[in-house]
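Text of my_file.cif, listed as mmCIF, C-alpha atoms:
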```cif
data_my_file
loop_
_atom_site.group_PDB
_atom_site.id
_atom_site.type_symbol
_atom_site.label_atom_id
_atom_site.label_comp_id
_atom_site.auth_asym_id
_atom_site.auth_seq_id
_atom_site.Cartn_x
_atom_site.Cartn_y
_atom_site.Cartn_z
ATOM 1 C CA MET A 1 -11.491 -5.659 19.871
ATOM 2 C CA LYS A 2 -14.663 -6.698 18.049
ATOM 3 C CA PRO A 3 -15.427 -6.576 14.309
ATOM 4 C CA ASN A 4 -18.455 -4.327 14.849
ATOM 5 C CA GLN A 5 -16.222 -1.819 16.664
ATOM 6 C CA LEU A 6 -13.747 -1.773 13.793
ATOM 7 C CA HIS A 7 -16.535 -1.474 11.205
ATOM 8 C CA ALA A 8 -18.069 1.463 13.068
ATOM 9 C CA PHE A 9 -14.754 3.261 13.472
ATOM 10 C CA VAL A 10 -13.756 2.758 9.813
ATOM 11 C CA ALA A 11 -17.185 3.992 8.698
ATOM 12 C CA VAL A 12 -16.697 7.157 10.751
ATOM 13 C CA VAL A 13 -13.208 7.598 9.274
ATOM 14 C CA GLU A 14 -14.484 7.199 5.718
ATOM 15 C CA GLN A 15 -17.535 9.419 6.156
ATOM 16 C CA MET A 16 -16.049 11.866 8.705
ATOM 17 C CA SER A 17 -19.545 12.069 10.107
ATOM 18 C CA ILE A 18 -21.359 10.062 12.797
ATOM 19 C CA ARG A 19 -24.662 10.600 11.000
ATOM 20 C CA ALA A 20 -23.341 9.413 7.618
ATOM 21 C CA ALA A 21 -21.573 6.458 9.236
ATOM 22 C CA ALA A 22 -24.776 5.444 11.011
ATOM 23 C CA ARG A 23 -26.698 5.652 7.739
ATOM 24 C CA MET A 24 -24.080 3.532 5.964
ATOM 25 C CA LEU A 25 -24.145 0.885 8.713
ATOM 26 C CA GLY A 26 -27.916 0.910 9.160
ATOM 27 C CA LEU A 27 -27.603 1.934 12.817
ATOM 28 C CA SER A 28 -28.687 4.906 14.914
ATOM 29 C CA GLN A 29 -26.260 7.718 15.658
ATOM 30 C CA PRO A 30 -26.226 6.949 19.410
ATOM 31 C CA ALA A 31 -25.437 3.293 18.617
ATOM 32 C CA VAL A 32 -22.439 4.249 16.452
ATOM 33 C CA THR A 33 -21.195 6.687 19.097
ATOM 34 C CA LYS A 34 -21.500 4.015 21.794
ATOM 35 C CA ILE A 35 -19.617 1.425 19.723
ATOM 36 C CA VAL A 36 -16.770 3.850 18.957
ATOM 37 C CA ARG A 37 -16.531 4.815 22.635
ATOM 38 C CA GLU A 38 -16.281 1.115 23.538
ATOM 39 C CA LEU A 39 -13.401 0.771 21.087
ATOM 40 C CA GLU A 40 -11.685 3.814 22.588
ATOM 41 C CA ARG A 41 -11.906 2.284 26.053
ATOM 42 C CA GLU A 42 -10.425 -0.938 24.715
ATOM 43 C CA VAL A 43 -7.442 0.733 23.014
ATOM 44 C CA GLY A 44 -7.016 3.156 25.909
ATOM 45 C CA ALA A 45 -7.016 6.392 23.904
ATOM 46 C CA PRO A 46 -9.513 8.816 22.297
ATOM 47 C CA LEU A 47 -9.823 8.176 18.562
ATOM 48 C CA VAL A 48 -12.526 10.616 17.460
ATOM 49 C CA GLU A 49 -13.429 14.141 18.502
ATOM 50 C CA ARG A 50 -16.752 15.820 17.738
ATOM 51 C CA SER A 51 -17.153 19.566 17.316
ATOM 52 C CA VAL A 52 -19.573 22.028 15.734
ATOM 53 C CA LYS A 53 -17.711 21.482 12.455
ATOM 54 C CA GLY A 54 -18.239 17.721 12.562
ATOM 55 C CA VAL A 55 -15.872 14.858 13.313
ATOM 56 C CA ARG A 56 -12.096 14.786 13.290
ATOM 57 C CA LEU A 57 -9.593 12.095 14.198
ATOM 58 C CA THR A 58 -7.223 12.535 17.089
ATOM 59 C CA GLU A 59 -3.553 11.706 16.603
ATOM 60 C CA TYR A 60 -4.377 8.260 18.004
ATOM 61 C CA GLY A 61 -7.242 7.895 15.549
ATOM 62 C CA GLU A 62 -5.005 8.864 12.629
ATOM 63 C CA ALA A 63 -2.498 6.195 13.667
ATOM 64 C CA PHE A 64 -5.125 3.522 14.291
ATOM 65 C CA ALA A 65 -7.223 4.038 11.117
ATOM 66 C CA PRO A 66 -4.964 2.150 8.661
ATOM 67 C CA ARG A 67 -4.540 -0.685 11.181
ATOM 68 C CA ALA A 68 -8.311 -0.941 11.625
ATOM 69 C CA ARG A 69 -8.764 -1.257 7.858
ATOM 70 C CA LEU A 70 -6.017 -3.856 7.744
ATOM 71 C CA LEU A 71 -7.577 -5.875 10.569
ATOM 72 C CA LEU A 72 -10.931 -5.927 8.764
ATOM 73 C CA ALA A 73 -9.279 -6.959 5.486
ATOM 74 C CA ASP A 74 -7.384 -9.787 7.188
ATOM 75 C CA MET A 75 -10.576 -10.949 8.900
ATOM 76 C CA ARG A 76 -12.286 -11.114 5.514
ATOM 77 C CA ARG A 77 -9.395 -13.117 4.075
ATOM 78 C CA ALA A 78 -9.488 -15.483 7.061
ATOM 79 C CA ARG A 79 -13.207 -16.092 6.527
ATOM 80 C CA ASP A 80 -12.589 -16.618 2.800
ATOM 81 C CA GLU A 81 -9.866 -19.145 3.511
ATOM 82 C CA ILE A 82 -12.019 -21.155 5.929
ATOM 83 C CA ALA A 83 -14.913 -21.123 3.439
ATOM 84 C CA GLN A 84 -12.609 -22.212 0.622
ATOM 85 C CA ILE A 85 -11.307 -25.139 2.660
ATOM 86 C CA ARG A 86 -14.837 -26.104 3.745
ATOM 87 C CA ASP A 87 -16.859 -25.536 0.583
ATOM 88 C CA GLY A 88 -14.327 -25.532 -2.226
ATOM 89 C CA VAL A 89 -12.525 -22.532 -3.631
ATOM 90 C CA LYS A 90 -14.889 -19.556 -3.715
ATOM 91 C CA GLY A 91 -14.630 -16.085 -2.228
ATOM 92 C CA THR A 92 -12.956 -12.961 -3.580
ATOM 93 C CA VAL A 93 -9.553 -12.027 -4.955
ATOM 94 C CA SER A 94 -8.697 -8.332 -5.154
ATOM 95 C CA MET A 95 -5.712 -7.101 -7.158
ATOM 96 C CA ALA A 96 -4.286 -4.052 -8.896
ATOM 97 C CA VAL A 97 -2.252 -4.251 -12.091
ATOM 98 C CA SER A 98 -0.288 -1.911 -14.338
ATOM 99 C CA ALA A 99 -1.748 -0.856 -17.679
ATOM 100 C CA SER A 100 0.759 -2.742 -19.823
ATOM 101 C CA PHE A 101 0.359 -5.932 -17.775
ATOM 102 C CA ALA A 102 -3.420 -5.637 -18.112
ATOM 103 C CA LEU A 103 -3.069 -5.481 -21.894
ATOM 104 C CA THR A 104 -0.581 -8.326 -22.268
ATOM 105 C CA VAL A 105 -0.202 -11.077 -19.665
ATOM 106 C CA LEU A 106 -3.325 -10.628 -17.547
ATOM 107 C CA PRO A 107 -5.931 -11.898 -20.061
ATOM 108 C CA VAL A 108 -4.111 -15.238 -20.422
ATOM 109 C CA ALA A 109 -3.657 -15.576 -16.662
ATOM 110 C CA PHE A 110 -7.291 -14.739 -15.918
ATOM 111 C CA LYS A 111 -8.603 -17.184 -18.525
ATOM 112 C CA ASP A 112 -6.525 -19.933 -16.902
ATOM 113 C CA PHE A 113 -7.759 -18.931 -13.427
ATOM 114 C CA HIS A 114 -11.421 -18.523 -14.371
ATOM 115 C CA THR A 115 -11.520 -21.869 -16.178
ATOM 116 C CA ARG A 116 -10.386 -23.639 -13.010
ATOM 117 C CA LEU A 117 -12.153 -21.487 -10.398
ATOM 118 C CA PRO A 118 -15.224 -19.886 -12.007
ATOM 119 C CA ALA A 119 -16.979 -19.340 -8.654
ATOM 120 C CA VAL A 120 -14.317 -16.930 -7.344
ATOM 121 C CA HIS A 121 -15.194 -13.258 -7.675
ATOM 122 C CA VAL A 122 -12.187 -11.263 -8.921
ATOM 123 C CA GLN A 123 -11.889 -7.504 -8.377
ATOM 124 C CA PHE A 124 -9.461 -5.761 -10.754
ATOM 125 C CA SER A 125 -8.172 -2.213 -10.614
ATOM 126 C CA GLU A 126 -5.566 -0.459 -12.741
ATOM 127 C CA ALA A 127 -3.130 1.765 -10.864
ATOM 128 C CA VAL A 128 0.393 3.115 -10.744
ATOM 129 C CA LEU A 129 2.824 1.854 -8.115
ATOM 130 C CA PRO A 130 2.322 4.565 -5.445
ATOM 131 C CA MET A 131 -1.416 3.902 -5.312
ATOM 132 C CA MET A 132 -0.890 0.130 -5.349
ATOM 133 C CA LEU A 133 1.430 0.290 -2.345
ATOM 134 C CA SER A 134 -1.000 2.495 -0.456
ATOM 135 C CA ARG A 135 -3.877 0.072 -1.056
ATOM 136 C CA LEU A 136 -1.720 -2.916 -0.136
ATOM 137 C CA ARG A 137 -0.661 -1.169 3.047
ATOM 138 C CA GLU A 138 -4.283 -0.585 4.032
ATOM 139 C CA GLY A 139 -5.337 -4.153 3.238
ATOM 140 C CA TYR A 140 -7.610 -3.452 0.271
ATOM 141 C CA LEU A 141 -5.610 -5.684 -2.095
ATOM 142 C CA ASP A 142 -4.488 -9.295 -1.929
ATOM 143 C CA PHE A 143 -1.582 -8.455 -4.236
ATOM 144 C CA ALA A 144 -0.509 -6.150 -7.038
ATOM 145 C CA VAL A 145 1.452 -6.578 -10.257
ATOM 146 C CA ALA A 146 3.700 -3.631 -11.050
ATOM 147 C CA HIS A 147 6.948 -2.485 -12.635
ATOM 148 C CA VAL A 148 9.536 -1.939 -9.922
ATOM 149 C CA VAL A 149 12.936 -0.267 -10.002
ATOM 150 C CA PRO A 150 15.205 -2.972 -8.518
ATOM 151 C CA GLY A 151 16.171 -2.261 -4.927
ATOM 152 C CA THR A 152 13.623 0.518 -4.315
ATOM 153 C CA LEU A 153 10.695 -1.376 -2.774
ATOM 154 C CA ASP A 154 10.054 -0.624 0.908
ATOM 155 C CA ALA A 155 10.951 -3.395 3.355
ATOM 156 C CA GLU A 156 7.297 -3.734 4.384
ATOM 157 C CA PHE A 157 6.593 -5.324 0.992
ATOM 158 C CA GLU A 158 7.921 -8.441 -0.707
ATOM 159 C CA ALA A 159 8.114 -9.032 -4.441
ATOM 160 C CA LEU A 160 8.035 -12.104 -6.647
ATOM 161 C CA GLU A 161 9.871 -11.234 -9.873
ATOM 162 C CA LEU A 162 8.204 -12.315 -13.113
ATOM 163 C CA PHE A 163 10.205 -10.835 -16.002
ATOM 164 C CA PRO A 164 12.254 -7.736 -16.928
ATOM 165 C CA VAL A 165 10.937 -4.841 -18.989
ATOM 166 C CA GLN A 166 12.775 -1.879 -20.499
ATOM 167 C CA LEU A 167 11.952 1.701 -19.581
ATOM 168 C CA VAL A 168 11.435 4.033 -22.564
ATOM 169 C CA ILE A 169 10.836 7.745 -23.141
ATOM 170 C CA GLY A 170 7.996 9.003 -25.298
ATOM 171 C CA MET A 171 6.911 12.338 -26.761
ATOM 172 C CA ARG A 172 4.491 13.460 -29.469
ATOM 173 C CA GLU A 173 5.605 13.172 -33.082
ATOM 174 C CA ARG A 174 5.997 16.959 -33.557
ATOM 175 C CA HIS A 175 7.507 17.758 -30.147
ATOM 176 C CA PRO A 176 10.040 20.654 -30.381
ATOM 177 C CA LEU A 177 12.699 18.417 -28.802
ATOM 178 C CA ARG A 178 12.079 15.444 -31.099
ATOM 179 C CA ALA A 179 15.632 15.604 -32.468
ATOM 180 C CA SER A 180 17.193 15.344 -28.992
ATOM 181 C CA ARG A 181 19.308 12.299 -28.295
ATOM 182 C CA SER A 182 20.369 12.974 -24.719
ATOM 183 C CA LEU A 183 18.447 13.109 -21.461
ATOM 184 C CA ARG A 184 20.358 16.260 -20.593
ATOM 185 C CA GLU A 185 18.681 18.013 -23.520
ATOM 186 C CA LEU A 186 15.245 16.900 -22.332
ATOM 187 C CA TYR A 187 15.540 18.325 -18.810
ATOM 188 C CA THR A 188 14.214 21.702 -19.908
ATOM 189 C CA ALA A 189 10.906 20.153 -20.952
ATOM 190 C CA GLU A 190 7.808 19.445 -18.887
ATOM 191 C CA TRP A 191 7.436 15.813 -17.821
ATOM 192 C CA ILE A 192 4.499 13.686 -16.733
ATOM 193 C CA LEU A 193 5.413 10.958 -14.228
ATOM 194 C CA PRO A 194 3.555 8.455 -12.057
ATOM 195 C CA GLY A 195 2.834 9.426 -8.478
ATOM 196 C CA ASP A 196 0.683 11.682 -6.348
ATOM 197 C CA GLY A 197 1.311 14.305 -3.736
ATOM 198 C CA ASP A 198 0.198 12.114 -0.835
ATOM 199 C CA HIS A 199 2.582 9.248 -1.547
ATOM 200 C CA PHE A 200 5.460 9.941 -3.968
ATOM 201 C CA ALA A 201 6.246 13.374 -5.368
ATOM 202 C CA GLY A 202 6.481 13.192 -9.124
ATOM 203 C CA ARG A 203 9.753 15.182 -9.100
ATOM 204 C CA ASP A 204 11.337 12.483 -6.955
ATOM 205 C CA THR A 205 10.194 9.429 -8.896
ATOM 206 C CA ILE A 206 12.519 10.230 -11.769
ATOM 207 C CA SER A 207 15.692 10.422 -9.627
ATOM 208 C CA PRO A 208 16.422 6.690 -9.217
ATOM 209 C CA LEU A 209 15.615 6.123 -12.882
ATOM 210 C CA LEU A 210 18.155 8.425 -14.446
ATOM 211 C CA PRO A 211 21.848 7.530 -14.026
ATOM 212 C CA LEU A 212 23.138 11.057 -14.618
ATOM 213 C CA GLY A 213 23.314 12.508 -11.137
ATOM 214 C CA LEU A 214 21.146 15.407 -12.306
ATOM 215 C CA PRO A 215 18.379 16.955 -10.196
ATOM 216 C CA PRO A 216 14.806 16.025 -11.125
ATOM 217 C CA PRO A 217 13.207 18.130 -13.867
ATOM 218 C CA ALA A 218 11.874 21.425 -12.585
ATOM 219 C CA ARG A 219 8.457 20.968 -14.208
ATOM 220 C CA VAL A 220 6.661 17.705 -13.475
ATOM 221 C CA ILE A 221 2.988 16.778 -13.723
ATOM 222 C CA GLN A 222 2.007 13.895 -11.474
ATOM 223 C CA GLY A 223 -0.522 11.297 -12.570
ATOM 224 C CA GLN A 224 -2.020 8.036 -11.385
ATOM 225 C CA SER A 225 -3.206 6.898 -14.815
ATOM 226 C CA VAL A 226 -1.080 5.588 -17.674
ATOM 227 C CA THR A 227 -4.055 6.146 -19.996
ATOM 228 C CA VAL A 228 -4.102 9.838 -19.080
ATOM 229 C CA ALA A 229 -0.322 10.072 -19.513
ATOM 230 C CA LEU A 230 -0.527 8.566 -23.007
ATOM 231 C CA ALA A 231 -3.321 10.940 -24.025
ATOM 232 C CA LEU A 232 -1.515 14.030 -22.717
ATOM 233 C CA VAL A 233 1.890 13.123 -24.153
ATOM 234 C CA GLY A 234 0.248 12.489 -27.530
ATOM 235 C CA THR A 235 -1.384 15.934 -27.661
ATOM 236 C CA MET A 236 0.915 18.250 -25.661
ATOM 237 C CA ASP A 237 4.614 19.068 -25.417
ATOM 238 C CA LEU A 238 5.093 16.718 -22.469
ATOM 239 C CA ILE A 239 7.656 13.955 -22.050
ATOM 240 C CA GLY A 240 6.637 10.691 -20.437
ATOM 241 C CA MET A 241 8.301 7.563 -19.146
ATOM 242 C CA PHE A 242 6.649 4.298 -20.127
ATOM 243 C CA VAL A 243 7.477 0.599 -20.273
ATOM 244 C CA GLU A 244 8.417 -0.970 -23.591
ATOM 245 C CA PRO A 245 5.241 -3.045 -24.188
ATOM 246 C CA LEU A 246 3.301 0.231 -24.500
ATOM 247 C CA VAL A 247 5.448 1.234 -27.496
ATOM 248 C CA ARG A 248 3.886 -1.555 -29.508
ATOM 249 C CA LEU A 249 0.449 -1.403 -27.910
ATOM 250 C CA ALA A 250 -0.296 2.315 -27.689
ATOM 251 C CA PHE A 251 2.337 4.729 -29.037
ATOM 252 C CA LYS A 252 1.190 4.782 -32.677
ATOM 253 C CA ARG A 253 -2.475 5.123 -31.733
ATOM 254 C CA HIS A 254 -1.704 8.168 -29.560
ATOM 255 C CA GLY A 255 0.765 9.774 -31.985
ATOM 256 C CA ILE A 256 3.748 9.189 -29.692
ATOM 257 C CA ARG A 257 7.285 8.465 -30.773
ATOM 258 C CA ARG A 258 9.929 6.586 -28.844
ATOM 259 C CA VAL A 259 12.953 8.756 -28.095
ATOM 260 C CA GLU A 260 16.239 6.916 -28.528
ATOM 261 C CA VAL A 261 18.633 8.529 -26.081
ATOM 262 C CA GLU A 262 22.355 7.829 -25.745
ATOM 263 C CA GLU A 263 22.158 7.156 -21.999
ATOM 264 C CA PRO A 264 21.155 3.630 -20.976
ATOM 265 C CA LEU A 265 17.751 3.535 -19.306
ATOM 266 C CA PRO A 266 17.111 1.073 -16.485
ATOM 267 C CA VAL A 267 15.423 -2.268 -16.875
ATOM 268 C CA LEU A 268 12.491 -2.636 -14.482
ATOM 269 C CA SER A 269 11.206 -5.850 -12.936
ATOM 270 C CA VAL A 270 7.578 -6.847 -13.346
ATOM 271 C CA CYS A 271 6.696 -8.227 -9.917
ATOM 272 C CA VAL A 272 3.840 -9.627 -7.883
ATOM 273 C CA ILE A 273 3.868 -7.470 -4.732
ATOM 274 C CA ARG A 274 2.232 -8.136 -1.377
ATOM 275 C CA ARG A 275 2.675 -7.081 2.224
ATOM 276 C CA ARG A 276 5.617 -8.866 3.800
ATOM 277 C CA GLY A 277 4.457 -11.932 5.691
ATOM 278 C CA GLN A 278 0.911 -11.732 4.322
ATOM 279 C CA LEU A 279 -0.681 -15.136 3.767
ATOM 280 C CA LEU A 280 -2.688 -15.402 0.566
ATOM 281 C CA THR A 281 -5.955 -17.308 0.437
ATOM 282 C CA PRO A 282 -5.893 -20.463 -1.729
ATOM 283 C CA ALA A 283 -7.706 -18.601 -4.501
ATOM 284 C CA ALA A 284 -5.275 -15.662 -4.464
ATOM 285 C CA GLN A 285 -2.307 -18.032 -4.379
ATOM 286 C CA TYR A 286 -3.660 -19.918 -7.375
ATOM 287 C CA PHE A 287 -4.102 -16.650 -9.299
ATOM 288 C CA VAL A 288 -0.438 -15.831 -8.628
ATOM 289 C CA GLU A 289 0.491 -19.246 -10.036
ATOM 290 C CA CYS A 290 -1.591 -18.524 -13.158
ATOM 291 C CA ILE A 291 0.240 -15.202 -13.531
ATOM 292 C CA GLN A 292 3.592 -16.954 -13.244
ATOM 293 C CA ARG A 293 2.660 -19.462 -15.964
ATOM 294 C CA ALA A 294 1.321 -16.754 -18.296
ATOM 295 C CA SER A 295 4.418 -14.602 -17.719
ATOM 296 C CA LEU A 296 6.731 -17.518 -18.528
ATOM 297 C CA ALA A 297 4.788 -18.260 -21.703
ATOM 298 C CA ALA A 298 4.910 -14.606 -22.772
ATOM 299 C CA THR A 299 8.653 -14.277 -22.260
ATOM 300 C CA ASN A 300 9.323 -17.539 -24.158
ATOM 301 C CA ALA A 301 7.046 -16.638 -27.077
#
```
Written as structure tokens, how would this file's structure read?
Amino acid sequence: MKPNQLHAFVAVVEQMSIRAAARMLGLSQPAVTKIVRELEREVGAPLVERSVKGVRLTEYGEAFAPRARLLLADMRRARDEIAQIRDGVKGTVSMAVSASFALTVLPVAFKDFHTRLPAVHVQFSEAVLPMMLSRLREGYLDFAVAHVVPGTLDAEFEALELFPVQLVIGMRERHPLRASRSLRELYTAEWILPGDGDHFAGRDTISPLLPLGLPPPARVIQGQSVTVALALVGTMDLIGMFVEPLVRLAFKRHGIRRVEVEEPLPVLSVCVIRRRGQLLTPAAQYFVECIQRASLAATNA
């Protein structure tokens, strides 16, 4: 299984077109078709089917696509690691972080990292947990930093705990239910929760968070952006779940009030997450160490 075969197949998967994949790779259409056919012979199954409507993946192609991306990502990390050993620490570190972590601990950690390793290119993205796990699974990220409900992370991932953070409920200042002091009273409202239809249903994400044995709220908007959630909760009659640092950092600016409910809300763990068994490059490992130091300093401040 050769890198050029994987690159060609992944390009076809991403473009869903032989022509577009060939253009992206700088090759001819017959060359891309030939390379993909070689890969199919090597894996022993058809991966791609062409029709008048274009290209579609077979069931084998659907199963192989995430593994092909992962193989390419691991090859890149292997090359980075060899180059870092040979030439000094350079290369790329790719990570996703939560909004509150980006606004609090990350700047200190990145300053520490960049001072020591200025030649390393760092790629940041902000995401909610479902999207982070998807991108980790496909090999796009070296690691992620997210808020995790203890005991809910899939076995395919491993987590390094940094510090605890309290979950809070927020609504706009003039919300009709602003006088409510029980989660039971809030179940009739419309909620906005992290998640997306392809990974975690928003209705389900609330279940492990609420210790009442109640069904999820009937009306849930799903979102992958904390920024969007803050803006919508501040202007509409929606109820959102956030982590406590955002109370200080963003609630007042968006016109959101913290709702003090009588039921105890869970404490989440801020964790560095990676695929189980994944070896980090020296640069990525050093960034994790910078994050650990910055997290310790923040919790002791």
* Near Arg258 of chain A, within 7 Å and counting all atoms listed in the file, which residues show up once chain neighbours fewer than 2 positions away are dropped, as a list in words? -> Val168, Ile169, Gly170, Met171, Ile256 and Glu260 of chain A
Which residues fall under the PyMOL selection byres ((chain A and resi 257) around 12) in this file, as a tab-separated table (two decimals) with C-alpha atoms, in the coordinates of the input?
```
chain	number	residue	atom	x	y	z
A	168	VAL	CA	11.44	4.03	-22.56
A	169	ILE	CA	10.84	7.74	-23.14
A	170	GLY	CA	8.00	9.00	-25.30
A	171	MET	CA	6.91	12.34	-26.76
A	172	ARG	CA	4.49	13.46	-29.47
A	173	GLU	CA	5.60	13.17	-33.08
A	174	ARG	CA	6.00	16.96	-33.56
A	175	HIS	CA	7.51	17.76	-30.15
A	177	LEU	CA	12.70	18.42	-28.80
A	178	ARG	CA	12.08	15.44	-31.10
A	179	ALA	CA	15.63	15.60	-32.47
A	230	LEU	CA	-0.53	8.57	-23.01
A	233	VAL	CA	1.89	13.12	-24.15
A	234	GLY	CA	0.25	12.49	-27.53
A	235	THR	CA	-1.38	15.93	-27.66
A	238	LEU	CA	5.09	16.72	-22.47
A	239	ILE	CA	7.66	13.96	-22.05
A	240	GLY	CA	6.64	10.69	-20.44
A	241	MET	CA	8.30	7.56	-19.15
A	242	PHE	CA	6.65	4.30	-20.13
A	244	GLU	CA	8.42	-0.97	-23.59
A	246	LEU	CA	3.30	0.23	-24.50
A	247	VAL	CA	5.45	1.23	-27.50
A	248	ARG	CA	3.89	-1.56	-29.51
A	250	ALA	CA	-0.30	2.32	-27.69
A	251	PHE	CA	2.34	4.73	-29.04
A	252	LYS	CA	1.19	4.78	-32.68
A	253	ARG	CA	-2.48	5.12	-31.73
A	254	HIS	CA	-1.70	8.17	-29.56
A	255	GLY	CA	0.76	9.77	-31.98
A	256	ILE	CA	3.75	9.19	-29.69
A	258	ARG	CA	9.93	6.59	-28.84
A	259	VAL	CA	12.95	8.76	-28.10
A	260	GLU	CA	16.24	6.92	-28.53
```
Apply the PyMOL selection byres ((chain A and resi 31) around 12) to the structure shown and report the selected residues as an mmCIF file with C-alpha atoms, keeping the file's coordinate frame.
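This is the output file result39.cif:
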```
data_model
loop_
_atom_site.group_PDB
_atom_site.id
_atom_site.type_symbol
_atom_site.label_atom_id
_atom_site.label_comp_id
_atom_site.auth_asym_id
_atom_site.auth_seq_id
_atom_site.Cartn_x
_atom_site.Cartn_y
_atom_site.Cartn_z
ATOM 1 C CA ASN A 4 -18.455 -4.327 14.849
ATOM 2 C CA GLN A 5 -16.222 -1.819 16.664
ATOM 3 C CA ALA A 8 -18.069 1.463 13.068
ATOM 4 C CA PHE A 9 -14.754 3.261 13.472
ATOM 5 C CA ILE A 18 -21.359 10.062 12.797
ATOM 6 C CA ARG A 19 -24.662 10.600 11.000
ATOM 7 C CA ALA A 21 -21.573 6.458 9.236
ATOM 8 C CA ALA A 22 -24.776 5.444 11.011
ATOM 9 C CA ARG A 23 -26.698 5.652 7.739
ATOM 10 C CA LEU A 25 -24.145 0.885 8.713
ATOM 11 C CA GLY A 26 -27.916 0.910 9.160
ATOM 12 C CA LEU A 27 -27.603 1.934 12.817
ATOM 13 C CA SER A 28 -28.687 4.906 14.914
ATOM 14 C CA GLN A 29 -26.260 7.718 15.658
ATOM 15 C CA PRO A 30 -26.226 6.949 19.410
ATOM 16 C CA VAL A 32 -22.439 4.249 16.452
ATOM 17 C CA THR A 33 -21.195 6.687 19.097
ATOM 18 C CA LYS A 34 -21.500 4.015 21.794
ATOM 19 C CA ILE A 35 -19.617 1.425 19.723
ATOM 20 C CA VAL A 36 -16.770 3.850 18.957
ATOM 21 C CA ARG A 37 -16.531 4.815 22.635
ATOM 22 C CA GLU A 38 -16.281 1.115 23.538
#
```
Put a box with edges along x, y and z around all the listed atoms of segment 139-158 of chain A, pad it by 3 Å on each side, then give me its centre and sizes in Å, one decimal, as lines of an AutoDock Vina configuration file.
```
center_x = 4.3
center_y = -4.4
center_z = -4.1
size_x = 29.8
size_y = 15.8
size_z = 23.0
```
* Mind giving me the straight-line distance from atom CA of Cys271 of chain A to atom CA of Gly223 of chain A in Å, one decimal? => 21.0 Å
Residues near segment 110-126 of chain A, anyone? I mean within 7 Å using all atoms listed in the file, not counting same-chain ones fewer than 4 positions away, as a CSV table (one decimal) with C-alpha atoms, keeping the file's coordinate frame.
```csv
chain,number,residue,atom,x,y,z
A,89,VAL,CA,-12.5,-22.5,-3.6
A,90,LYS,CA,-14.9,-19.6,-3.7
A,91,GLY,CA,-14.6,-16.1,-2.2
A,92,THR,CA,-13.0,-13.0,-3.6
A,93,VAL,CA,-9.6,-12.0,-5.0
A,94,SER,CA,-8.7,-8.3,-5.2
A,95,MET,CA,-5.7,-7.1,-7.2
A,96,ALA,CA,-4.3,-4.1,-8.9
A,97,VAL,CA,-2.3,-4.3,-12.1
A,98,SER,CA,-0.3,-1.9,-14.3
A,99,ALA,CA,-1.7,-0.9,-17.7
A,106,LEU,CA,-3.3,-10.6,-17.5
A,287,PHE,CA,-4.1,-16.6,-9.3
A,290,CYS,CA,-1.6,-18.5,-13.2
```
* Given the file above and the PyMOL selection byres ((chain A and resi 136) around 12), which residues are selected, and can you give them as a ChimeraX atom specification? -> /A:66-67,69-70,73-74,94-96,127,129-135,137-145,156-158,272-276,278
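We find atom CA of Ala294 of chain A and atom CA of Val108 of chain A to be spaced 6.0 Å apart.
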